[in-house]
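Q: Just protein_37.csv, nothing more (CSV, C-alpha atoms):
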chain,number,residue,atom,x,y,z
A,12,MET,CA,126.1,51.2,120.7
A,13,THR,CA,125.1,54.8,120.3
A,14,ALA,CA,127.6,57.5,119.2
A,15,LEU,CA,127.7,60.9,120.9
A,16,PRO,CA,127.7,64.1,118.9
A,17,ALA,CA,131.1,65.6,118.6
A,18,SER,CA,129.7,68.9,120.0
A,19,THR,CA,126.4,70.7,120.4
A,20,PRO,CA,125.7,74.3,119.8
A,21,LYS,CA,123.5,74.5,122.9
A,22,LYS,CA,124.1,72.9,126.3
A,23,LEU,CA,120.7,73.1,128.0
A,24,GLY,CA,120.7,72.3,131.7
A,25,LEU,CA,119.8,73.3,135.2
A,26,ALA,CA,121.6,75.5,137.8
A,27,ILE,CA,120.3,74.4,141.2
A,28,ASP,CA,120.9,76.6,144.2
A,29,LEU,CA,121.5,74.4,147.3
A,30,ASP,CA,121.5,77.5,149.5
A,31,ILE,CA,117.8,78.1,149.1
A,32,CYS,CA,116.3,74.7,148.2
A,33,VAL,CA,113.9,74.0,151.1
A,34,GLY,CA,113.3,70.4,150.3
A,35,CYS,CA,109.5,70.9,149.8
A,36,HIS,CA,109.4,68.3,146.9
A,37,ALA,CA,107.2,70.5,144.8
A,38,CYS,CA,109.6,69.9,141.9
A,39,VAL,CA,109.3,66.1,142.4
A,40,ILE,CA,105.6,66.2,142.4
A,41,ASN,CA,105.2,68.5,139.4
A,42,CYS,CA,107.8,66.4,137.4
A,43,LYS,CA,105.8,63.3,138.2
A,44,GLU,CA,102.6,64.9,137.1
A,45,TRP,CA,103.9,66.4,133.9
A,46,ASN,CA,105.8,63.3,132.7
A,47,THR,CA,102.9,61.0,133.6
A,48,SER,CA,100.2,63.0,131.8
A,49,ASN,CA,102.3,64.1,128.7
A,50,TYR,CA,105.6,62.9,127.3
A,51,GLY,CA,106.1,59.1,126.7
A,52,ALA,CA,104.6,56.4,128.8
A,53,PRO,CA,103.2,57.2,132.3
A,54,LEU,CA,105.6,56.9,135.2
A,55,GLY,CA,104.5,53.7,136.9
A,56,ASP,CA,103.6,53.1,140.5
A,57,GLN,CA,103.1,49.8,142.3
A,58,ASP,CA,101.1,49.5,145.5
A,59,ALA,CA,100.9,53.3,145.7
A,60,TYR,CA,98.6,53.3,148.7
A,61,GLY,CA,99.8,50.1,150.3
A,62,ALA,CA,102.4,49.1,152.9
A,63,ASN,CA,105.3,49.0,150.4
A,64,PRO,CA,104.8,51.7,147.7
A,65,VAL,CA,107.3,51.8,144.8
A,66,GLY,CA,107.3,54.3,142.0
A,67,THR,CA,109.3,55.8,139.2
A,68,PHE,CA,110.5,59.3,139.7
A,69,LEU,CA,112.7,61.3,137.3
A,70,ASN,CA,113.7,63.8,140.0
A,71,ARG,CA,114.3,63.1,143.7
A,72,ILE,CA,115.4,65.1,146.7
A,73,HIS,CA,117.9,63.8,149.3
A,74,THR,CA,118.4,65.6,152.6
A,75,PHE,CA,121.7,65.7,154.5
A,76,GLU,CA,123.0,67.4,157.6
A,77,VAL,CA,126.5,68.7,157.0
A,78,LYS,CA,129.0,70.5,159.2
A,79,ALA,CA,132.2,72.2,158.2
A,80,PRO,CA,135.0,72.7,160.7
A,81,GLU,CA,134.3,75.6,163.1
A,82,GLN,CA,130.9,76.1,161.5
A,83,PRO,CA,127.4,75.3,162.7
A,84,ALA,CA,125.6,72.3,161.3
A,85,GLN,CA,123.5,72.9,158.2
A,86,THR,CA,120.7,71.0,156.6
A,87,VAL,CA,121.2,70.7,152.8
A,88,HIS,CA,118.5,69.5,150.4
A,89,PHE,CA,120.1,67.9,147.3
A,90,PRO,CA,117.9,67.5,144.2
A,91,LYS,CA,119.1,64.7,141.9
A,92,SER,CA,118.1,64.0,138.3
A,93,CYS,CA,119.9,63.5,135.0
A,94,LEU,CA,122.8,65.9,134.4
A,95,HIS,CA,122.7,65.6,130.6
A,96,CYS,CA,126.5,64.9,130.5
A,97,GLU,CA,128.5,65.9,127.5
A,98,ASP,CA,130.3,62.5,127.6
A,99,ALA,CA,127.3,60.5,128.6
A,100,PRO,CA,128.3,56.9,129.4
A,101,CYS,CA,124.6,55.9,129.5
A,102,VAL,CA,124.4,56.6,125.8
A,103,THR,CA,127.5,54.9,124.6
A,104,VAL,CA,126.7,51.7,126.5
A,105,CYS,CA,123.2,51.3,125.1
A,106,PRO,CA,123.0,48.2,122.9
A,107,THR,CA,119.9,49.2,121.0
A,108,GLY,CA,120.5,52.9,120.4
A,109,ALA,CA,117.5,53.7,122.6
A,110,SER,CA,119.6,56.2,124.7
A,111,TYR,CA,120.8,59.1,122.7
A,112,LYS,CA,122.1,62.7,123.0
A,113,ARG,CA,120.4,65.3,120.8
A,114,ALA,CA,122.9,67.1,118.5
A,115,GLU,CA,121.0,70.4,118.6
A,116,ASP,CA,120.8,71.1,122.3
A,117,GLY,CA,122.6,68.3,124.2
A,118,ILE,CA,119.6,66.8,125.9
A,119,VAL,CA,119.9,63.1,126.7
A,120,LEU,CA,116.8,61.1,126.0
A,121,VAL,CA,115.5,57.5,125.8
A,122,ASN,CA,113.5,56.3,122.8
A,123,GLU,CA,111.2,54.0,124.8
A,124,SER,CA,110.0,52.0,121.8
A,125,ASP,CA,113.7,50.8,121.3
A,126,CYS,CA,114.5,50.3,125.0
A,127,ILE,CA,114.6,46.6,126.1
A,128,GLY,CA,115.0,47.4,129.8
A,129,CYS,CA,118.5,45.7,130.0
A,130,GLY,CA,119.6,48.3,132.6
A,131,LEU,CA,123.1,48.8,131.2
A,132,CYS,CA,122.6,52.6,131.1
A,133,ALA,CA,121.7,52.5,134.8
A,134,TRP,CA,124.9,50.6,135.6
A,135,ALA,CA,126.9,53.1,133.5
A,136,CYS,CA,125.5,56.3,135.1
A,137,PRO,CA,127.6,57.3,138.1
A,138,TYR,CA,124.8,59.5,139.4
A,139,GLY,CA,122.0,57.0,139.7
A,140,ALA,CA,119.8,59.2,137.5
A,141,ARG,CA,118.1,56.3,135.6
A,142,GLU,CA,115.2,54.3,136.8
A,143,LEU,CA,113.6,51.2,135.5
A,144,ASP,CA,109.9,51.6,135.2
A,145,ALA,CA,108.7,48.1,136.4
A,146,GLN,CA,105.3,48.7,134.9
A,147,GLU,CA,106.5,49.6,131.4
A,148,GLY,CA,109.7,47.6,131.5
A,149,VAL,CA,111.8,50.4,130.1
A,150,MET,CA,114.3,52.9,131.5
A,151,LYS,CA,113.1,56.4,132.3
A,152,LYS,CA,115.1,59.6,133.0
A,153,CYS,CA,114.8,63.4,133.1
A,154,THR,CA,114.0,64.9,129.7
A,155,LEU,CA,114.4,68.5,130.7
A,156,CYS,CA,110.7,68.6,129.7
A,157,VAL,CA,111.6,68.7,126.0
A,158,ASP,CA,107.9,68.7,125.2
A,159,ARG,CA,107.5,71.9,127.2
A,160,ILE,CA,110.5,74.0,126.3
A,161,TYR,CA,109.8,73.9,122.6
A,162,ASN,CA,106.0,73.9,122.8
A,163,GLU,CA,104.8,77.1,121.1
A,164,ASN,CA,101.2,76.4,122.2
A,165,LEU,CA,102.3,77.2,125.8
A,166,PRO,CA,102.8,80.8,127.1
A,167,GLU,CA,106.4,81.7,126.9
A,168,GLU,CA,106.8,81.8,130.7
A,169,ASP,CA,105.8,78.1,130.8
A,170,ARG,CA,108.4,77.0,128.3
A,171,GLU,CA,110.8,75.7,130.9
A,172,PRO,CA,111.0,72.4,132.8
A,173,ALA,CA,108.1,71.6,135.1
A,174,CYS,CA,110.5,71.4,138.1
A,175,VAL,CA,111.8,74.9,137.4
A,176,ARG,CA,108.4,76.4,136.8
A,177,THR,CA,107.0,75.1,140.1
A,178,CYS,CA,109.9,75.7,142.5
A,179,PRO,CA,108.4,78.1,145.2
A,180,ALA,CA,111.9,79.2,146.4
A,181,ASN,CA,113.3,79.9,142.9
A,182,ALA,CA,116.1,77.5,143.6
A,183,ARG,CA,116.1,75.9,140.1
A,184,HIS,CA,117.1,77.7,136.9
A,185,PHE,CA,117.0,76.6,133.3
A,186,GLY,CA,119.2,77.8,130.5
A,187,ASP,CA,122.0,77.3,128.0
A,188,PHE,CA,125.4,76.7,129.5
A,189,ALA,CA,127.0,77.1,126.1
A,190,ASP,CA,126.1,80.8,126.2
A,191,PRO,CA,128.3,82.7,128.7
A,192,GLU,CA,125.7,85.4,128.9
A,193,SER,CA,122.9,83.1,129.8
A,194,ASN,CA,121.3,83.3,133.3
A,195,VAL,CA,122.7,79.9,134.3
A,196,SER,CA,126.2,80.6,133.1
A,197,LYS,CA,126.3,83.9,135.0
A,198,MET,CA,125.0,82.3,138.2
A,199,SER,CA,127.4,79.5,138.0
A,200,ALA,CA,130.4,81.9,137.4
A,201,GLU,CA,129.3,84.2,140.3
A,202,ARG,CA,128.6,81.4,142.8
A,203,GLY,CA,131.3,78.9,141.8
A,204,GLY,CA,128.9,76.3,140.4
A,205,LEU,CA,130.0,72.8,141.2
A,206,VAL,CA,130.5,70.0,138.7
A,207,LEU,CA,129.1,66.9,140.4
A,208,MET,CA,131.7,64.1,140.7
A,209,GLU,CA,134.1,65.8,138.3
A,210,ASP,CA,136.6,63.0,138.6
A,211,GLN,CA,134.2,60.7,136.6
A,212,ASP,CA,135.0,62.8,133.5
A,213,THR,CA,131.5,62.7,132.2
A,214,LYS,CA,131.3,66.5,131.9
A,215,PRO,CA,127.8,67.0,133.3
A,216,VAL,CA,126.0,70.1,132.1
A,217,ASN,CA,124.0,70.8,135.3
A,218,ARG,CA,125.7,72.9,138.0
A,219,TYR,CA,125.0,73.0,141.7
A,220,LEU,CA,125.4,76.4,143.4
A,221,PRO,CA,126.9,75.7,146.8
A,222,PRO,CA,125.4,76.7,150.1
A,223,ARG,CA,126.7,79.9,151.6
A,224,PRO,CA,128.4,79.5,155.0
A,225,LYS,CA,126.2,80.2,158.0
A,226,ALA,CA,127.7,82.1,161.0
A,227,ASP,CA,126.8,81.5,164.6
A,228,ILE,CA,124.6,84.3,166.1
A,229,GLN,CA,126.3,85.7,169.2
A,230,THR,CA,124.1,87.7,171.6
A,231,ASP,CA,123.7,88.3,175.3
A,232,GLY,CA,120.0,88.5,175.2
A,233,ASP,CA,116.9,87.6,173.2
A,234,ILE,CA,116.7,88.7,169.6
A,235,ASP,CA,113.7,90.8,168.5
A,236,ILE,CA,113.6,90.3,164.7
A,237,LEU,CA,111.0,93.1,164.3
A,238,ALA,CA,113.0,95.7,166.3
A,239,PRO,CA,114.5,97.4,163.2
A,240,PHE,CA,111.1,98.0,161.7
A,241,LEU,CA,109.4,99.4,164.9
A,242,GLU,CA,109.2,103.1,165.8
A,243,PRO,CA,110.9,104.0,169.1
A,244,VAL,CA,108.5,103.6,172.1
A,245,ALA,CA,107.9,106.8,174.2
A,246,ASP,CA,109.3,106.7,177.7
A,247,THR,CA,106.2,108.3,179.1
A,248,PRO,CA,102.6,107.5,177.9
A,249,LYS,CA,100.7,110.1,176.0
A,250,GLY,CA,97.2,110.7,174.9
A,251,LEU,CA,94.5,108.5,176.4
A,252,LEU,CA,97.1,106.2,177.9
A,253,GLY,CA,98.9,109.1,179.5
A,254,TRP,CA,95.7,110.4,181.1
A,255,LEU,CA,94.7,106.9,182.3
A,256,ASP,CA,98.2,106.5,183.8
A,257,LYS,CA,97.9,109.7,185.7
A,258,ALA,CA,94.4,108.9,186.9
A,259,LEU,CA,95.4,105.6,188.3
A,260,GLU,CA,98.4,107.1,190.1
A,261,ALA,CA,96.0,109.5,191.8
A,262,ILE,CA,93.9,106.7,193.3
Starting from the coordinates I provided, produce the structure as structure tokens.
A:
Amino acid sequence: MTALPASTPKKLGLAIDLDICVGCHACVINCKEWNTSNYGAPLGDQDAYGANPVGTFLNRIHTFEVKAPEQPAQTVHFPKSCLHCEDAPCVTVCPTGASYKRAEDGIVLVNESDCIGCGLCAWACPYGARELDAQEGVMKKCTLCVDRIYNENLPEEDREPACVRTCPANARHFGDFADPESNVSKMSAERGGLVLMEDQDTKPVNRYLPPRPKADIQTDGDIDILAPFLEPVADTPKGLLGWLDKALEAI
């Protein structure tokens, strides 16, 4: 079994804003592309263009319709990937030591050359964040794009996970939760970042920023969304239109 580090100086993770995620799956596609063409073995697909396609994805989006009492229904898009837990049960259950948590930054990884595909880590993970790649016969999971974030050959703005870099709505944010002054720590504090399934006591690093409540729009007539940006319209036509109006009245 693999031991966990007693503590880590960094706690790298994601803050995901459920209020503005539009469910476009851009993060899913870019994650698939980056992790297939770079780190580790490619993410396998079976019968990709057939009737029953099956594939390995490290990041997935689930969509729900939710309704709070006395509130209108809302559609919530819920991204799901590894949360890089401080007390990661997927690590301690691994019989070969293939699953491990990095002491320097808290990222949970899989050494694919040591993985035997037994699936114990998938059983232990309460979030369903591990996937068995049927083509490779090993377990796969989110790596926080460890090969990007420390890659000095990339421009500095690209040294963040592929899912964060590609999000068109800016719903995903990457940073160090051990630093109270980091971007993700401040966002989580301001928005009441949620710990997913806190009762499991796995201490996940990632935080979900909850959707803001939406109010019903009460109006007696149609809404003109451009009205605040338009100049007041004159009651009587002027210029050419004024002349034309008078000429037509005289006929």
Q: Quick one: everything within 8 Å of segment 192-203 of chain A, counting all atoms listed in the file, minus sequence neighbours fewer than 4 positions away in the same chain. Send it as a PyMOL selection string.
A: chain A and resi 25-26+184-188+218-221
Q: To one decimal in Å, tell me the separation between atom CA of Gln85 of chain A and atom CA of Val206 of chain A.
A: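 These atoms are spaced 20.9 Å apart.
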Q: Go ahead and find all residues with at least one atom no further than 10 Å from (117.8, 73.5, 150.9) in the file's coordinates, using all atoms listed in the file; report them as a ChimeraX atom specification.
A: /A:28-35,72-75,85-90,180,182,222
Q: Deliver the residues from the most recent selection as a file, using C-alpha atoms, as a PDB file, in the frame of the given file.
A:
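Heads up, here's the output in result18.pdb:
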ATOM      1  CA  ASP A  28     120.900  76.600 144.200  1.00  0.00           C
ATOM      2  CA  LEU A  29     121.500  74.400 147.300  1.00  0.00           C
ATOM      3  CA  ASP A  30     121.500  77.500 149.500  1.00  0.00           C
ATOM      4  CA  ILE A  31     117.800  78.100 149.100  1.00  0.00           C
ATOM      5  CA  CYS A  32     116.300  74.700 148.200  1.00  0.00           C
ATOM      6  CA  VAL A  33     113.900  74.000 151.100  1.00  0.00           C
ATOM      7  CA  GLY A  34     113.300  70.400 150.300  1.00  0.00           C
ATOM      8  CA  CYS A  35     109.500  70.900 149.800  1.00  0.00           C
ATOM      9  CA  ILE A  72     115.400  65.100 146.700  1.00  0.00           C
ATOM     10  CA  HIS A  73     117.900  63.800 149.300  1.00  0.00           C
ATOM     11  CA  THR A  74     118.400  65.600 152.600  1.00  0.00           C
ATOM     12  CA  PHE A  75     121.700  65.700 154.500  1.00  0.00           C
ATOM     13  CA  GLN A  85     123.500  72.900 158.200  1.00  0.00           C
ATOM     14  CA  THR A  86     120.700  71.000 156.600  1.00  0.00           C
ATOM     15  CA  VAL A  87     121.200  70.700 152.800  1.00  0.00           C
ATOM     16  CA  HIS A  88     118.500  69.500 150.400  1.00  0.00           C
ATOM     17  CA  PHE A  89     120.100  67.900 147.300  1.00  0.00           C
ATOM     18  CA  PRO A  90     117.900  67.500 144.200  1.00  0.00           C
ATOM     19  CA  ALA A 180     111.900  79.200 146.400  1.00  0.00           C
ATOM     20  CA  ALA A 182     116.100  77.500 143.600  1.00  0.00           C
ATOM     21  CA  PRO A 222     125.400  76.700 150.100  1.00  0.00           C
TER      22      PRO A 222
END
Q: With all atoms listed in the file as the basis for distance, which of A:Gln211, A:Ser110, A:Thr13, A:Thr67 is at the shortest distance from Glu142 of chain A?
A: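 Ranking A:Gln211, A:Ser110, A:Thr13, A:Thr67 by distance to Glu142 of chain A, first place goes to A:Thr67.
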Q: For Asn70 of chain A, which residue out of A:Ala173, A:Val149, A:Leu23, A:Ile118 is the nearest one, using all atoms listed in the file?
A: A:Ala173
Q: Is it possible to add all heavy atoms to segment 29-40 of chain A and hand it back as a compact mmCIF listing (two decimals), in the frame of the given file?
A:
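Result written to part-v2.txt:
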# COMPACT_ATOMS: atom_id res chain seq x y z
N LEU A 29 121.65 75.22 146.03
CA LEU A 29 121.50 74.40 147.30
C LEU A 29 121.36 75.32 148.49
O LEU A 29 121.00 74.83 149.56
CB LEU A 29 122.76 73.54 147.44
CG LEU A 29 123.02 72.52 146.33
CD1 LEU A 29 124.28 71.71 146.64
CD2 LEU A 29 121.82 71.59 146.15
N ASP A 30 121.61 76.60 148.34
CA ASP A 30 121.50 77.50 149.50
C ASP A 30 120.05 77.80 149.82
O ASP A 30 119.73 78.08 150.97
CB ASP A 30 122.23 78.82 149.17
CG ASP A 30 122.38 79.70 150.40
OD1 ASP A 30 122.89 79.20 151.42
OD2 ASP A 30 121.98 80.87 150.35
N ILE A 31 119.16 77.73 148.83
CA ILE A 31 117.80 78.10 149.10
C ILE A 31 116.77 77.03 148.81
O ILE A 31 115.58 77.23 149.02
CB ILE A 31 117.39 79.39 148.28
CG1 ILE A 31 117.58 79.16 146.78
CG2 ILE A 31 118.20 80.59 148.73
CD1 ILE A 31 117.14 80.34 145.94
N CYS A 32 117.22 75.85 148.36
CA CYS A 32 116.30 74.70 148.20
C CYS A 32 115.80 74.33 149.60
O CYS A 32 116.60 74.06 150.51
CB CYS A 32 116.98 73.54 147.54
SG CYS A 32 115.94 72.04 147.47
N VAL A 33 114.47 74.29 149.80
CA VAL A 33 113.90 74.00 151.10
C VAL A 33 113.43 72.56 151.25
O VAL A 33 112.87 72.18 152.26
CB VAL A 33 112.73 74.97 151.43
CG1 VAL A 33 113.22 76.40 151.50
CG2 VAL A 33 111.61 74.84 150.39
N GLY A 34 113.66 71.76 150.20
CA GLY A 34 113.30 70.40 150.30
C GLY A 34 111.79 70.11 150.33
O GLY A 34 111.33 69.12 150.91
N CYS A 35 111.00 70.98 149.71
CA CYS A 35 109.50 70.90 149.80
C CYS A 35 108.99 69.78 148.84
O CYS A 35 107.84 69.38 148.97
CB CYS A 35 108.89 72.20 149.44
SG CYS A 35 109.12 72.72 147.71
N HIS A 36 109.80 69.32 147.89
CA HIS A 36 109.40 68.30 146.90
C HIS A 36 108.38 68.75 145.90
O HIS A 36 107.79 67.92 145.20
CB HIS A 36 108.91 67.01 147.62
CG HIS A 36 110.00 66.22 148.28
ND1 HIS A 36 110.64 66.65 149.41
CD2 HIS A 36 110.55 65.02 147.96
CE1 HIS A 36 111.55 65.77 149.77
NE2 HIS A 36 111.53 64.77 148.92
N ALA A 37 108.15 70.06 145.79
CA ALA A 37 107.20 70.50 144.80
C ALA A 37 107.74 70.18 143.37
O ALA A 37 106.95 69.81 142.49
CB ALA A 37 107.05 72.06 144.89
N CYS A 38 109.05 70.25 143.16
CA CYS A 38 109.60 69.90 141.90
C CYS A 38 109.42 68.42 141.56
O CYS A 38 109.17 68.04 140.41
CB CYS A 38 111.10 70.27 141.83
SG CYS A 38 112.10 69.48 143.11
N VAL A 39 109.53 67.58 142.58
CA VAL A 39 109.30 66.10 142.40
C VAL A 39 107.92 65.84 141.97
O VAL A 39 107.67 65.07 141.03
CB VAL A 39 109.69 65.39 143.70
CG1 VAL A 39 109.41 63.90 143.56
CG2 VAL A 39 111.14 65.63 144.09
N ILE A 40 106.96 66.46 142.66
CA ILE A 40 105.60 66.20 142.40
C ILE A 40 105.16 66.71 141.01
O ILE A 40 104.46 66.03 140.24
CB ILE A 40 104.67 66.83 143.47
CG1 ILE A 40 105.01 66.25 144.84
CG2 ILE A 40 103.20 66.62 143.15
CD1 ILE A 40 104.90 64.75 144.94
